[in-house]
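Raw model_16.txt, compact mmCIF, C-alpha atoms and all ligand atoms:
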```txt
# COMPACT_ATOMS: atom_id res chain seq x y z
CA MET A 1 0.00 0.00 0.00
CA ARG A 2 1.28 3.44 -0.92
CA ILE A 3 0.05 6.38 1.16
CA VAL A 4 0.66 10.10 0.78
CA TYR A 5 0.01 12.34 3.82
CA VAL A 6 -0.39 16.07 3.08
CA VAL A 7 0.26 18.63 5.83
CA GLY A 8 0.78 22.37 5.67
CA THR A 9 0.08 24.20 8.91
CA ARG A 10 0.92 23.96 12.58
CA PRO A 11 -2.24 22.06 13.67
CA ASN A 12 -1.92 19.68 10.70
CA PHE A 13 1.31 18.23 12.10
CA VAL A 14 -0.31 17.58 15.46
CA LYS A 15 -3.32 15.81 13.89
CA THR A 16 -1.31 13.74 11.42
CA ALA A 17 1.76 12.60 13.41
CA PRO A 18 -0.03 9.75 15.24
CA VAL A 19 -1.82 8.63 12.08
CA ILE A 20 1.50 8.25 10.27
CA ALA A 21 2.93 6.35 13.26
CA ALA A 22 -0.07 3.96 13.45
CA LEU A 23 -0.08 3.23 9.71
CA ARG A 24 3.70 2.77 9.57
CA GLU A 25 3.40 0.20 12.31
CA ARG A 26 0.58 -1.66 10.54
CA LEU A 27 2.14 -1.42 7.10
CA PRO A 28 5.92 -1.57 7.59
CA GLY A 29 6.50 -2.59 3.98
CA GLY A 30 4.28 0.15 2.57
CA ARG A 31 5.31 3.51 1.16
CA HIS A 32 4.52 6.39 3.55
CA ALA A 33 5.33 9.66 1.81
CA LEU A 34 4.92 12.94 3.68
CA VAL A 35 4.23 16.11 1.71
CA HIS A 36 4.67 19.47 3.46
CA THR A 37 2.95 22.17 1.42
CA GLY A 38 4.82 25.00 3.16
CA GLN A 39 1.65 26.97 4.00
CA HIS A 40 3.39 27.53 7.34
CA TYR A 41 7.14 27.95 7.01
CA ASP A 42 8.57 29.84 10.03
CA ARG A 43 10.51 27.53 12.33
CA ALA A 44 8.12 28.24 15.21
CA MET A 45 5.11 27.37 13.02
CA SER A 46 6.54 24.35 11.26
CA ALA A 47 9.98 22.72 11.81
CA ILE A 48 9.73 22.63 15.61
CA PHE A 49 6.59 20.51 15.29
CA VAL A 50 8.27 18.04 12.97
CA GLU A 51 11.09 17.69 15.53
CA GLU A 52 8.98 17.48 18.70
CA LEU A 53 6.34 15.13 17.33
CA GLY A 54 8.79 12.65 15.87
CA VAL A 55 7.28 13.05 12.40
CA PRO A 56 9.68 11.77 9.74
CA ALA A 57 11.31 14.47 7.61
CA PRO A 58 8.98 15.38 4.74
CA ASP A 59 9.66 13.58 1.45
CA HIS A 60 8.36 16.52 -0.58
CA MET A 61 8.43 20.23 0.32
CA LEU A 62 6.10 22.29 -1.90
CA GLU A 63 7.13 25.67 -0.43
CA VAL A 64 3.89 27.44 -1.37
CA GLY A 65 4.24 30.09 1.37
CA SER A 66 1.72 32.83 2.07
CA GLY A 67 -0.68 34.46 -0.37
CA SER A 68 -4.36 35.05 -1.04
CA HIS A 69 -6.65 32.06 -0.60
CA ALA A 70 -6.79 31.45 -4.34
CA GLN A 71 -3.02 31.76 -4.72
CA GLN A 72 -2.25 29.45 -1.81
CA THR A 73 -4.80 26.84 -2.90
CA ALA A 74 -3.75 26.99 -6.54
CA ARG A 75 -0.04 26.72 -5.71
CA VAL A 76 -0.62 23.61 -3.62
CA MET A 77 -2.65 22.03 -6.44
CA GLU A 78 -0.11 22.89 -9.10
CA ARG A 79 2.83 21.55 -7.08
CA LEU A 80 1.09 18.51 -5.59
CA GLU A 81 -0.16 17.10 -8.90
CA PRO A 82 3.31 16.02 -10.16
CA VAL A 83 4.17 14.63 -6.71
CA LEU A 84 1.06 12.43 -6.81
CA ALA A 85 1.91 11.37 -10.37
CA GLU A 86 5.37 10.33 -9.15
CA GLU A 87 4.24 8.65 -5.91
CA ARG A 88 1.18 6.89 -7.45
CA PRO A 89 -0.46 6.46 -4.01
CA ASP A 90 -3.40 4.19 -3.24
CA LEU A 91 -4.60 6.76 -0.74
CA VAL A 92 -4.08 10.43 0.15
CA ILE A 93 -4.68 11.43 3.78
CA VAL A 94 -5.53 15.05 4.63
CA PRO A 95 -6.24 16.51 8.10
CA GLY A 96 -8.28 19.48 9.28
CA ASP A 97 -9.70 22.42 7.37
CA VAL A 98 -6.92 24.67 6.10
CA ASN A 99 -6.27 25.74 2.53
CA SER A 100 -3.74 22.92 2.11
CA THR A 101 -6.46 20.41 3.08
CA LEU A 102 -8.86 21.67 0.45
CA ALA A 103 -6.18 21.84 -2.25
CA ALA A 104 -4.86 18.34 -1.56
CA ALA A 105 -8.32 16.75 -1.48
CA LEU A 106 -9.26 18.40 -4.77
CA THR A 107 -6.01 17.48 -6.52
CA ALA A 108 -6.20 13.83 -5.43
CA ALA A 109 -9.92 13.48 -6.22
CA LYS A 110 -9.36 14.83 -9.75
CA LEU A 111 -6.64 12.22 -10.24
CA ARG A 112 -9.15 9.64 -8.96
CA ILE A 113 -6.98 8.76 -5.99
CA PRO A 114 -9.04 7.82 -2.89
CA VAL A 115 -8.93 10.48 -0.16
CA ALA A 116 -9.22 10.07 3.62
CA HIS A 117 -10.17 13.15 5.65
CA VAL A 118 -9.18 13.24 9.31
CA GLU A 119 -11.41 15.50 11.47
CA SER A 120 -14.33 15.32 9.10
CA GLY A 121 -17.87 16.66 9.56
CA LEU A 122 -17.21 19.71 11.75
CA ARG A 123 -19.41 22.69 10.83
CA SER A 124 -19.66 26.22 12.21
CA PHE A 125 -22.51 27.00 9.75
CA ASP A 126 -20.67 30.24 9.04
CA ARG A 127 -19.60 30.43 5.42
CA THR A 128 -17.71 33.67 5.99
CA MET A 129 -15.00 31.49 7.59
CA PRO A 130 -12.61 30.16 4.94
CA GLU A 131 -12.23 26.94 6.95
CA GLU A 132 -15.96 26.20 6.65
CA LEU A 133 -15.74 26.17 2.84
CA ASN A 134 -12.62 24.00 3.06
CA ARG A 135 -14.41 21.49 5.32
CA ILE A 136 -17.50 21.21 3.12
CA VAL A 137 -15.51 20.62 -0.06
CA ALA A 138 -12.97 18.26 1.53
CA ASP A 139 -15.77 16.14 2.99
CA GLN A 140 -17.68 15.97 -0.29
CA LEU A 141 -14.56 14.79 -2.11
CA SER A 142 -13.30 12.27 0.45
CA ASP A 143 -13.92 8.53 0.37
CA HIS A 144 -13.10 7.83 4.03
CA LEU A 145 -14.41 10.36 6.54
CA PHE A 146 -12.89 10.05 10.03
CA LEU A 147 -15.06 11.71 12.68
CA HIS A 148 -14.14 12.72 16.20
CA CYS A 149 -17.65 13.37 17.58
CA GLN A 150 -21.24 12.32 16.91
CA ASP A 151 -22.36 15.85 15.88
CA ALA A 152 -20.10 15.43 12.87
CA ALA A 153 -22.15 12.43 11.70
CA ASP A 154 -25.36 14.48 11.93
CA ASN A 155 -23.78 17.29 9.92
CA LEU A 156 -22.61 14.90 7.20
CA ARG A 157 -25.97 13.11 7.01
CA ALA A 158 -27.66 16.49 6.53
CA GLU A 159 -25.37 17.04 3.51
CA GLY A 160 -26.34 13.65 2.06
CA VAL A 161 -23.11 11.81 2.85
CA ALA A 162 -23.56 8.02 2.77
CA GLU A 163 -23.25 6.24 6.10
CA GLU A 164 -20.61 3.78 4.87
CA ARG A 165 -18.12 6.59 4.20
CA MET A 166 -18.22 7.72 7.88
CA HIS A 167 -16.09 6.26 10.68
CA PHE A 168 -16.36 7.57 14.23
CA VAL A 169 -12.81 7.03 15.49
CA GLY A 170 -12.07 9.79 18.02
CA ASN A 171 -9.64 12.68 18.07
CA THR A 172 -6.10 12.30 16.70
CA MET A 173 -5.02 15.65 18.18
CA ILE A 174 -5.76 14.14 21.59
CA ASP A 175 -3.67 11.08 20.61
CA THR A 176 -0.69 13.42 20.29
CA LEU A 177 -1.45 15.16 23.57
CA VAL A 178 -1.73 11.82 25.40
CA ALA A 179 1.52 10.56 23.85
CA LEU A 180 3.38 13.70 24.96
CA GLU A 181 1.79 14.03 28.39
CA GLU A 182 4.77 12.94 30.46
CA ARG A 183 7.10 15.24 28.52
CA PHE A 184 4.92 18.36 28.61
CA ARG A 185 4.06 17.88 32.31
CA ALA A 186 7.82 18.00 32.97
CA ALA A 187 8.52 20.99 30.69
CA GLY A 188 7.81 23.73 33.28
CA ALA A 189 7.07 26.47 30.74
CA ALA A 190 5.09 28.65 33.20
CA THR A 191 7.95 28.72 35.69
CA ARG A 192 10.44 29.58 32.93
CA LEU A 193 8.23 32.49 31.87
CA GLY A 194 8.08 33.63 35.50
CA VAL A 195 4.37 32.96 36.08
CA GLU A 196 2.93 30.84 38.84
CA PRO A 197 1.51 27.50 37.60
CA GLY A 198 -2.29 27.48 37.83
CA ALA A 199 -2.62 31.24 38.01
CA CYS A 200 -2.24 32.70 34.52
CA ALA A 201 -4.54 33.28 31.57
CA LEU A 202 -3.12 31.90 28.32
CA VAL A 203 -4.24 33.73 25.16
CA THR A 204 -4.05 32.76 21.47
CA LEU A 205 -5.76 34.76 18.73
CA HIS A 206 -5.22 34.52 14.98
CA ARG A 207 -8.53 34.45 13.08
CA PRO A 208 -8.94 37.17 10.46
CA ALA A 209 -12.40 38.14 11.84
CA LEU A 210 -10.70 39.18 15.07
CA VAL A 211 -7.16 40.22 14.24
CA ASP A 212 -7.38 41.68 10.72
CA GLY A 213 -9.82 44.47 11.63
CA PRO A 214 -10.72 47.06 14.25
CA LEU A 215 -11.50 44.50 17.01
CA LEU A 216 -7.82 43.84 17.71
CA ALA A 217 -7.13 47.20 19.39
CA GLU A 218 -10.11 46.79 21.77
CA THR A 219 -9.06 43.19 22.45
CA VAL A 220 -5.60 44.34 23.57
CA VAL A 221 -7.18 46.98 25.86
CA GLN A 222 -9.36 44.25 27.41
CA LEU A 223 -6.39 41.90 27.82
CA ALA A 224 -4.49 44.67 29.61
CA ALA A 225 -7.45 45.04 31.99
CA LEU A 226 -7.51 41.26 32.56
CA ALA A 227 -3.77 41.39 33.27
CA ARG A 228 -4.55 43.53 36.32
CA GLU A 229 -6.45 40.51 37.74
CA MET A 230 -4.13 37.67 36.66
CA PRO A 231 -0.92 37.31 34.60
CA VAL A 232 -1.75 37.09 30.89
CA VAL A 233 0.59 35.14 28.58
CA PHE A 234 0.03 35.71 24.87
CA PRO A 235 2.17 33.78 22.33
CA VAL A 236 1.55 35.78 19.18
CA HIS A 237 0.80 34.07 15.82
CA PRO A 238 2.62 35.71 12.85
CA ARG A 239 -0.65 36.97 11.32
CA THR A 240 -1.52 38.64 14.63
CA ARG A 241 2.03 39.94 15.14
CA LYS A 242 1.81 41.85 11.85
CA MET A 243 -1.47 43.48 12.89
CA MET A 244 -0.25 44.17 16.48
CA GLU A 245 2.33 46.56 15.04
CA THR A 246 -0.57 48.91 14.30
CA VAL A 247 -1.97 48.93 17.88
CA GLU A 248 -0.61 49.94 21.30
CA SER A 249 0.39 46.63 22.91
CA ASP A 250 2.90 47.67 25.57
CA HIS A 251 0.94 47.05 28.78
CA PRO A 252 2.31 45.96 32.15
CA GLY A 253 1.23 42.42 33.04
CA LEU A 254 0.62 41.45 29.43
CA LEU A 255 3.38 38.99 28.55
CA LEU A 256 3.73 38.80 24.76
CA CYS A 257 6.01 36.14 23.29
CA GLU A 258 6.79 34.36 20.03
CA PRO A 259 4.70 31.29 19.09
CA LEU A 260 5.75 28.37 21.30
CA GLY A 261 6.78 24.85 20.41
CA TYR A 262 4.15 22.21 21.10
CA LEU A 263 5.65 20.86 24.34
CA ASP A 264 5.98 24.32 25.84
CA PHE A 265 2.52 25.27 24.66
CA LEU A 266 0.88 22.18 26.18
CA SER A 267 2.88 22.72 29.36
CA LEU A 268 1.49 26.26 29.68
CA LEU A 269 -2.00 25.12 28.71
CA ALA A 270 -2.04 22.41 31.38
CA ASP A 271 -0.84 24.97 33.95
CA ALA A 272 -3.23 27.76 32.89
CA GLY A 273 -6.00 28.98 35.18
CA ALA A 274 -7.96 30.04 32.10
CA VAL A 275 -7.52 30.08 28.34
CA LEU A 276 -8.81 32.70 25.91
CA THR A 277 -8.68 31.66 22.26
CA ASP A 278 -10.21 31.69 18.81
CA SER A 279 -8.49 28.42 17.83
CA GLY A 280 -10.42 25.21 17.19
CA GLY A 281 -7.77 22.80 18.42
CA ILE A 282 -7.26 24.64 21.71
CA GLN A 283 -10.99 24.37 22.49
CA GLU A 284 -10.46 20.61 22.24
CA GLU A 285 -7.21 20.39 24.18
CA THR A 286 -8.71 22.38 27.08
CA THR A 287 -11.74 20.08 27.05
CA TYR A 288 -9.48 17.06 27.38
CA LEU A 289 -7.39 18.69 30.13
CA GLY A 290 -10.43 20.14 31.97
CA ILE A 291 -9.14 23.74 31.76
CA PRO A 292 -11.73 26.57 31.49
CA CYS A 293 -11.66 27.94 27.96
CA PHE A 294 -13.27 31.18 26.70
CA THR A 295 -13.72 31.38 22.95
CA LEU A 296 -13.73 34.79 21.35
CA ARG A 297 -15.94 33.88 18.39
CA ASP A 298 -19.64 34.02 17.52
CA ASN A 299 -19.78 30.29 16.78
CA THR A 300 -17.82 27.09 17.05
CA GLU A 301 -17.60 24.04 14.81
CA ARG A 302 -16.81 22.13 18.02
CA PRO A 303 -20.05 22.33 20.09
CA ILE A 304 -18.97 19.21 21.98
CA THR A 305 -16.47 21.40 23.87
CA ILE A 306 -19.39 23.50 25.13
CA THR A 307 -21.61 20.58 26.14
CA ALA A 308 -18.59 19.04 27.90
CA GLY A 309 -18.69 22.09 30.18
CA THR A 310 -15.15 23.45 29.68
CA ASN A 311 -15.72 25.92 26.84
CA THR A 312 -17.70 29.18 26.94
CA LEU A 313 -18.51 31.02 23.72
CA LEU A 314 -17.95 34.71 24.53
CA GLY A 315 -18.93 36.10 21.11
CA LEU A 316 -16.74 38.33 18.99
CA ASP A 317 -17.13 41.45 21.14
CA PRO A 318 -13.84 41.87 23.07
CA THR A 319 -15.57 43.61 26.00
CA ALA A 320 -16.81 40.10 26.97
CA ILE A 321 -13.23 39.39 28.15
CA ALA A 322 -14.16 41.34 31.30
CA GLN A 323 -16.52 38.49 32.29
CA ILE A 324 -13.68 35.97 32.68
CA PRO A 325 -12.64 36.60 36.33
CA SER A 326 -16.20 36.25 37.68
CA ALA A 327 -16.95 33.25 35.41
CA LEU A 328 -13.91 31.48 36.88
CA THR A 329 -15.38 31.65 40.36
CA LYS A 330 -18.48 29.73 39.17
CA ARG A 331 -16.78 26.71 37.60
CA PRO A 332 -17.88 23.22 38.56
CA ALA A 333 -15.48 21.62 41.04
CA LYS A 334 -15.22 18.32 39.17
CA ARG A 335 -13.21 17.98 35.96
CA PRO A 336 -15.60 16.64 33.28
CA ASP A 337 -14.86 13.36 31.51
CA PRO A 338 -13.35 13.74 28.02
CA PRO A 339 -15.78 13.17 25.12
CA PRO A 340 -16.18 9.55 23.88
CA LEU A 341 -13.12 8.14 22.08
CA TRP A 342 -10.87 11.07 23.00
CA ASP A 343 -8.62 8.48 24.58
CA GLY A 344 -5.29 8.47 22.75
CA HIS A 345 -6.23 5.62 20.37
CA ALA A 346 -8.05 7.35 17.49
CA SER A 347 -5.18 6.85 15.05
CA GLU A 348 -5.12 3.11 15.73
CA ARG A 349 -8.82 2.99 14.84
CA ILE A 350 -8.08 4.87 11.62
CA ALA A 351 -5.37 2.34 10.83
CA ASP A 352 -7.85 -0.49 11.57
CA VAL A 353 -10.36 0.92 9.09
CA LEU A 354 -7.81 1.56 6.37
CA THR A 355 -6.09 -1.79 6.61
CA SER A 356 -9.20 -3.97 7.02
C1 LIG B 1 -4.10 29.03 8.89
C2 LIG B 1 -5.47 28.41 8.60
C3 LIG B 1 -6.30 28.42 9.87
C4 LIG B 1 -5.55 27.73 11.00
C5 LIG B 1 -4.19 28.40 11.17
C6 LIG B 1 -3.39 27.70 12.24
C7 LIG B 1 -6.40 28.69 6.33
C8 LIG B 1 -7.42 29.41 5.55
N1 LIG B 1 -6.20 29.17 7.58
O1 LIG B 1 -4.32 30.38 9.26
O2 LIG B 1 -7.50 27.71 9.65
O3 LIG B 1 -6.32 27.85 12.19
O4 LIG B 1 -3.47 28.32 9.93
O5 LIG B 1 -2.27 28.47 12.60
O6 LIG B 1 -5.81 27.75 5.85
N2 LIG B 1 2.78 33.67 8.36
C9 LIG B 1 4.11 33.76 8.74
N3 LIG B 1 4.81 32.60 8.93
C10 LIG B 1 4.25 31.37 8.77
C11 LIG B 1 2.90 31.30 8.36
C12 LIG B 1 2.18 32.45 8.18
O7 LIG B 1 4.64 34.85 8.92
O8 LIG B 1 4.95 30.36 8.95
C13 LIG B 1 2.00 34.93 8.20
C14 LIG B 1 1.97 35.44 6.80
O9 LIG B 1 2.03 36.81 6.86
C15 LIG B 1 0.62 35.02 6.29
C16 LIG B 1 -0.23 35.04 7.54
O10 LIG B 1 0.66 34.66 8.60
O11 LIG B 1 0.14 35.86 5.31
C17 LIG B 1 -1.38 34.08 7.49
O12 LIG B 1 -0.97 32.75 7.18
P1 LIG B 1 -2.00 31.73 6.46
O13 LIG B 1 -1.36 30.41 6.29
O14 LIG B 1 -2.61 32.39 5.29
O15 LIG B 1 -3.18 31.60 7.48
P2 LIG B 1 -3.18 31.47 9.07
O16 LIG B 1 -3.69 32.75 9.62
O17 LIG B 1 -1.89 30.92 9.60
```
Could you spell out this file's structure in structure tokens?
Amino acid sequence: MRIVYVVGTRPNFVKTAPVIAALRERLPGGRHALVHTGQHYDRAMSAIFVEELGVPAPDHMLEVGSGSHAQQTARVMERLEPVLAEERPDLVIVPGDVNSTLAAALTAAKLRIPVAHVESGLRSFDRTMPEELNRIVADQLSDHLFLHCQDAADNLRAEGVAEERMHFVGNTMIDTLVALEERFRAAGAATRLGVEPGACALVTLHRPALVDGPLLAETVVQLAALAREMPVVFPVHPRTRKMMETVESDHPGLLLCEPLGYLDFLSLLADAGAVLTDSGGIQEETTYLGIPCFTLRDNTERPITITAGTNTLLGLDPTAIAQIPSALTKRPAKRPDPPPLWDGHASERIADVLTS
């Protein structure tokens, strides 16, 4: 069996690493070719993940870089097509919902190569999000849809997807977290940054709806106010960094830093008193770890994180950040159980399906 895995962005590495490991173990004589599209290319957004997650070095680097959505998608398609012609895979595996996911699914489907989509069926029902369009198209084109929650099956059924294409396997991002738990618990990132474990708010923001427009300045003002209540650590994504240059961000108590490697990030996350984010993956990681998460968005494609009781949807208005300190006093004492099949074995189930 010949398999091509296509990754491009920071969260893609985290979702794909355990799938590659599980399939390599099942199919030691098979060809496992890793394609890195280069959608993310800074060391902190890319190479450090390859090193920390034990992903093999990519076999093909497409180096597409940044650009408009059409440019990025088109470049991946143009550069991936000859790679697929050379590799002649029996299967292409794509994770998540980024532009690289869409481009790889479309390129493979047009070459009539079967496609497997990891993290299928999530929907925010907000077509202004580029990721929502990527999810819908990738799911329509994929032959094997790997789901990490039951809501995803309902969403796919509503779009007419046949039952036999769907496989509820669990969450491969949580596989990676579980595999790294001993290492990140020992990493001590909070102490190194000079904040007390358990006390700080960890912030990540990168979505265009929040950071590319006027909401960013008000968000920073609100974070500075929060920093008067508790230390605020904010590793800044490159997209956000560019936009931060246009707003006043020098506030005491607000600890800005470069994007962190995955071990340091998970270490801080596990030691956070609260998390404020617009990321999808972080809503899931906090659910698994039982950390209170506040999501600065109007919607989420991951409602299971809300029903689990760890995630609160604040909306897109940054003034809602002021609610965090009082909300923290009302949290349930008991850490909720993780959602079904978020147990560290999702990738093995994927390997079972694909090799049976
Ligand atoms: C992309 C995904 C988003 C995902 C996020 C994870 C799409 C449409 N968006 O958003 O769903 O949540 O990755 O991080 O695919 N840049 C750098 N260095 C890098 C990468 C990006 O400086 O290594 C800068 C560039 O200025 C670039 C901007 O960040 O223009 C945005 O990068 P891009 O890949 O377009 O989207 P993200 O915002 O990272």
Next item on the list: Give the residues close to ligand LIG 1 (chain B), within 9 Å, counting all atoms listed in the file; write them as a PyMOL selection string.
Entry: chain A and resi 8-12+38-46+65-69+72-73+96-102+129-131+134+206-208+237-242+278-281
Margin query: When you count all atoms listed in the file, which of these residues is closest to Phe294 (chain A): A:Ile20, A:Ala270, A:Ala201, A:Val220?
Written below: A:Ala201
Check: Taking into account only C-alpha atoms, which residue in the set A:Val6, A:Val275, A:Leu268, A:Val178 is nearest to Val203 (chain A)?
Finding: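 Residue with the minimum atom-to-atom distance to Val203 (chain A): A:Val275.
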Checklist line | 8 Å contact set for Asn299 (chain A), only C-alpha atoms, chain neighbours under 3 positions out, as a ChimeraX atom specification | finding: /A:124,126,313,315
Next item on the list: Can you pull out every residue within 10 Å of Cys200 (chain A), counting only C-alpha atoms, but drop anything in the same chain fewer than 6 positions away, and send it as a list in words?
Entry: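 The residues satisfying every condition are Ala190, Ala227, Glu229, Met230, Pro231, Val232, Val233, Leu268, Leu269, Asp271, Ala272, Gly273, Ala274 and Val275 of chain A.
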Could you pull the residues within 8 Å of Asp59 (chain A), counting only C-alpha atoms, minus those fewer than 2 positions along the same chain, as a compact mmCIF listing (two decimals) with C-alpha atoms, in the frame of the given file?
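Everything below was put into selection-v3.txt:
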```txt
# COMPACT_ATOMS: atom_id res chain seq x y z
CA ALA A 33 5.33 9.66 1.81
CA LEU A 34 4.92 12.94 3.68
CA VAL A 35 4.23 16.11 1.71
CA HIS A 36 4.67 19.47 3.46
CA ALA A 57 11.31 14.47 7.61
CA MET A 61 8.43 20.23 0.32
```
Export: region 38-84 of chain A, C-alpha atoms, as a PDB file, in the first residue's frame:
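Final file, out24.pdb:
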```pdb
ATOM      1  CA  GLY A  38       4.821  24.997   3.163  1.00  0.00           C
ATOM      2  CA  GLN A  39       1.648  26.974   3.997  1.00  0.00           C
ATOM      3  CA  HIS A  40       3.390  27.527   7.337  1.00  0.00           C
ATOM      4  CA  TYR A  41       7.136  27.953   7.007  1.00  0.00           C
ATOM      5  CA  ASP A  42       8.568  29.844  10.032  1.00  0.00           C
ATOM      6  CA  ARG A  43      10.507  27.533  12.325  1.00  0.00           C
ATOM      7  CA  ALA A  44       8.118  28.241  15.214  1.00  0.00           C
ATOM      8  CA  MET A  45       5.108  27.373  13.017  1.00  0.00           C
ATOM      9  CA  SER A  46       6.541  24.353  11.256  1.00  0.00           C
ATOM     10  CA  ALA A  47       9.984  22.725  11.810  1.00  0.00           C
ATOM     11  CA  ILE A  48       9.729  22.631  15.606  1.00  0.00           C
ATOM     12  CA  PHE A  49       6.590  20.506  15.286  1.00  0.00           C
ATOM     13  CA  VAL A  50       8.266  18.043  12.970  1.00  0.00           C
ATOM     14  CA  GLU A  51      11.093  17.693  15.533  1.00  0.00           C
ATOM     15  CA  GLU A  52       8.982  17.477  18.702  1.00  0.00           C
ATOM     16  CA  LEU A  53       6.343  15.133  17.334  1.00  0.00           C
ATOM     17  CA  GLY A  54       8.787  12.651  15.868  1.00  0.00           C
ATOM     18  CA  VAL A  55       7.281  13.054  12.401  1.00  0.00           C
ATOM     19  CA  PRO A  56       9.684  11.773   9.737  1.00  0.00           C
ATOM     20  CA  ALA A  57      11.313  14.473   7.607  1.00  0.00           C
ATOM     21  CA  PRO A  58       8.978  15.383   4.736  1.00  0.00           C
ATOM     22  CA  ASP A  59       9.663  13.578   1.449  1.00  0.00           C
ATOM     23  CA  HIS A  60       8.363  16.522  -0.577  1.00  0.00           C
ATOM     24  CA  MET A  61       8.427  20.231   0.318  1.00  0.00           C
ATOM     25  CA  LEU A  62       6.105  22.287  -1.897  1.00  0.00           C
ATOM     26  CA  GLU A  63       7.126  25.668  -0.425  1.00  0.00           C
ATOM     27  CA  VAL A  64       3.892  27.437  -1.375  1.00  0.00           C
ATOM     28  CA  GLY A  65       4.242  30.091   1.371  1.00  0.00           C
ATOM     29  CA  SER A  66       1.718  32.832   2.070  1.00  0.00           C
ATOM     30  CA  GLY A  67      -0.680  34.465  -0.372  1.00  0.00           C
ATOM     31  CA  SER A  68      -4.355  35.047  -1.040  1.00  0.00           C
ATOM     32  CA  HIS A  69      -6.650  32.057  -0.600  1.00  0.00           C
ATOM     33  CA  ALA A  70      -6.793  31.446  -4.344  1.00  0.00           C
ATOM     34  CA  GLN A  71      -3.018  31.757  -4.716  1.00  0.00           C
ATOM     35  CA  GLN A  72      -2.246  29.450  -1.807  1.00  0.00           C
ATOM     36  CA  THR A  73      -4.799  26.837  -2.897  1.00  0.00           C
ATOM     37  CA  ALA A  74      -3.754  26.988  -6.540  1.00  0.00           C
ATOM     38  CA  ARG A  75      -0.043  26.719  -5.708  1.00  0.00           C
ATOM     39  CA  VAL A  76      -0.620  23.606  -3.618  1.00  0.00           C
ATOM     40  CA  MET A  77      -2.649  22.028  -6.436  1.00  0.00           C
ATOM     41  CA  GLU A  78      -0.112  22.891  -9.101  1.00  0.00           C
ATOM     42  CA  ARG A  79       2.830  21.547  -7.076  1.00  0.00           C
ATOM     43  CA  LEU A  80       1.089  18.513  -5.594  1.00  0.00           C
ATOM     44  CA  GLU A  81      -0.156  17.103  -8.901  1.00  0.00           C
ATOM     45  CA  PRO A  82       3.306  16.022 -10.156  1.00  0.00           C
ATOM     46  CA  VAL A  83       4.165  14.628  -6.709  1.00  0.00           C
ATOM     47  CA  LEU A  84       1.061  12.425  -6.814  1.00  0.00           C
TER      48      LEU A  84
END
```
